[in-house]
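Here the structure is laid out as structure tokens; the discussion comes afterwards.
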Amino acid sequence: MSSSRPATNNSSTTSSFPPPPTPSSKPSYATPLSASSYASSSLSPSPNKPRNNSISSRNSSLGRTNNMNSSSSPRNNKSNHVSNISNTHPSTPLASTTTLETKLKSLRNASNDLSHSLTQKIATSKSGQDLLHIGPSLSTLPPDLSTLESELRPLLEDLNVYANGNREELARVERYKEEIVLSSGRASHAHECAALYEDLLAGERDVKRDAQMVKLKMQDGAAGENQKRKTKLMDTGDDYQEDDYQDEVEHMCSLERSAHTTLHLVQELNKSTSQISTMTSSSNNNTSLALNDKTRAHNSANTTTTSLSMTQHDIEKSQFLMKLAPRIRRLESTTTKCLSKRLEVIFTGMVQRKRYDENNESDDSQGNDAADITAGVSDNNETEWDKELIMVGHCLRGLAILGRGNEAESTFARVAILPLIRQKISIGRLDEGGSRGECANLFFVLDDMTHTITSSFGTVLRLSESIFGRSAAVISAATAASHSCMDVDLVTAGVWIPIATTLMADPTIKMAIFSPGIASILQANYMALDVFLSELASRLLCDASSPTTTNEGIQTGDYIGRNKLPPPLAPDYAASLFLQVTPSISKEQIRLAQTRIYAHNITADFLKKWNLPIYYQLRFGESCTRLEKAISSVQADGWKASVFSGSDAMMVELRNGLGFELPFFMELYDILRSFWRADVILRPLSHRFLRGAVQLIVRVISFVKDGLIGKIQFGGKSILTDDSVADDDKISGDSSAKNSKKITDAKKDDEFMKSVASYTWGNRADDVAAVAWELTVLEMSMTDDYLNAIVSVIANPDMNNQSNVHNIPEELEELQNLISEALLEASEEVGPLIQKSWEEIIVTILIEKCCVPLSAVKGVAATYRMTNRPPPTQASPFVSTILRPLQEFDQVFANRTPPHVESSWKEGVISIVAERYSSAVEELIATVKRTEVALKNRKARRSTAGGKSDGEKVKLQLFLDYREFSTMAKTIGVDVSGVEGIVKLKDLTKEAESLQVGGGASSNGDAN
């Protein structure tokens, strides 16, 4: 029985409770379910079988979702594992009902917890929220999906048909759109082509009319007509009023407009040509790419279709322009020729009018009527000049627009400037006032030519610069230095290049200017052209007659050249004049124009023609010759030889102003100063002249050094005087024996010849001191006067206002520092040489001279030995001669002693002399003491000679001599308390001081 109950219970349990849900059959958690709903749905028997089938089918349809949810939950895996264990062990005894209920309750609790946990996770994710919305609709699904498919198929087919129709309609609309865009583009391009063609026709009409006007004007000019013309031009396609020919300004405006039109047509033509070339190359590339990659070509089909439609427009326009290309190029050439021809005619008229005015001004024989006629002609000429100036502006702008500014420059140079150059510059005019080839009149020729150009075409130049000039506020100075930044540069290409070319092309003029072979002529030519070139832009562009010229730029308000409107003319012409500007140029524009002149290649070639190194060699050779001649004369005649070859005024300045005394150093300084004279120096050679000055200084220092050490001997030659040389020149032509004998006798006579013995001037203290003083003056002058002389020439701060100086203030300051450093470096050897001259050479010479009388010190003992003479009362005579050479030398050179030497050299002399003097006295006293010991027993002699022995008399004499020597040293200006030799003398003769007091000898003063 007991064994059957469990079986019954097991069967009832199995029928009442379904097994635990497996991963394939557990309920879905797509919607939140409570534990009670889960229990009712899984445990209560279903009375309706179809209901159970629907539920089971729904559970089976959601099996994959449940399986995924269960696999993602560890707790579900654990519960499934427990249920699987119970199902996989059927032999295990079944538990009681209470136990099963307990397990059921625990499973419900676990299911409830898992439901809440899963619901929270689903609610916090995007996919979970979608499932929550889908979950409630699952209950409305039909029981059979095939039925749903059959019901929805017709609807889907209708939708597919509708979508295909929409796609076809969209394609058709796109085709229509492309056709519309293509047609619109063609219409737009057609309008553009029509406008281009109209511009071409207008330009052709303008240039055709200009050709007819020039022809008629040339015919009228040949007939001598100078009045207002009334002509109606025929065959031009348009009707013109009778005054159209008169209004040439309006016609010049039309030519400038034609230039604009031509530029636009040329740009369009170039653009079309470039597009065709690009399209051709791109088509070839696309073909190769299509062959290599068909898929890529298929994907870009739409884009290619659009680009092809756009390219078709460009092709049509390009083909149209290519058909017009010959006419466009012909219009460009014809317009350029018309503008150039007009410009040439205008410049020719200006030149002729200028000559006519000059002829009228030079005619002084006209009466009042003629003067009135001339005044009327002058007013008309002024009006005509203003009109032509406006026309010049139109021509210049038109040529610049077409990129033919060089045509305007060459026309101005050929018509306006070259005739003036041929008239003004010739070798005959250059040599006026001087010898052949000297170019004495070069400066005045260039000045006259500049003045003529300015007076004749200055307004044209200012107009061109005001139109095409660049301001520093727009471009940098570095860009302005380039000639290419100016569309039309009449100053550089129109004036300077013809002048430079003329000077360099004519062989005779070129040789006379650049290679004269004489340094002074070359320097004068260079300075004349340097000043001319540096002031060219300012002289050509400055309007001295305009009082309102400012530094702000172009001024407006008045028409060119006048302050009121001309006589009544056509309204358009009057308005055209009034709208013009007065060409006023600022200082910055002038500076930029000058910069362009210097930056041009012709200027570089022009400057290379100057052989400046040869000029320096000539000047430096002259200076070296002067210096070597002075050195030879000094070596023969001594330092006082008269070698100065400068002017008397320079000698006075060097002697009184700077302190030079020897002629040789005056000559040296005059040579150094000559490098920087205005008629010698060339600024590009400043560094060379500075180096040459340093070389000359080094040469003189070397000469002085060699003389000090005895390497160079002075004298030793028989030198003819100036009188003997003169006499020799006078009688050298007489070949008679009598005259020859007179010459021989004269040369032997002392009156005609002087002989100088060979000597070393370094052994003469006077020469050494004199040379040392000259070196001192030279050293001070090099760093003061000479530095200022150089700076005033090449680095003066006031030189910024000079047109031929191109340094900013910072650069000038740097130049001053460099020059100062170079001169200091050159004079570095001068200071040590002066120091050596005084503290070594002069001191040695004076010591030897002062020590000569010291040999008499030994005679003091002999004076009193066994002579029975009275005790001395004054110093020995030789003592006053010891320092006499030093005293005399100091008196001569007291005012010519270098400041840094002071009195140290005297202290050196006295120290050595006093040391030798004290040694001699010490030796004498020792001898006296030995003698006294030998004569110790002869006391009788002391009583007969006043109570003093011979030794005491000698000591007393030495004491008196010491006091005299010390007094002389003080007189010279030496502090004797610091001289070791004098202190030693005092100690040696101190014993004799008591003998003087005891003996009643007269005192000559305190020895101290």
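Each chain in the structure tokens gets a letter, A, B, ..., in the order shown, and its residues are numbered from 1; ligands are numbered from 1 in order too.
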
Q: Going by DSSP on the backbone, which bits of segment 781-920 of chain A are helix (DSSP H, G or I)? Write them as a PyMOL selection string, please.
A: chain A and resi 781-782+785-794+797-801+809-826+830-850+852-864+879-882+884-896+904-920

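Once segment 674-685 of chain A and its same-chain neighbours fewer than 2 positions away are set aside, Gln523, Asp670, Ile671, Leu672, His687, Arg688, Phe689, Ile790, Val793 and Ile794 of chain A remain within 7 Å of it when counting only C-alpha atoms.
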
Between A:Lys849, A:Thr783, A:Ala795, A:Arg462, which is the closest to Ser820 of chain A once you count only C-alpha atoms?
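Closest to Ser820 of chain A of all the choices is A:Thr783.
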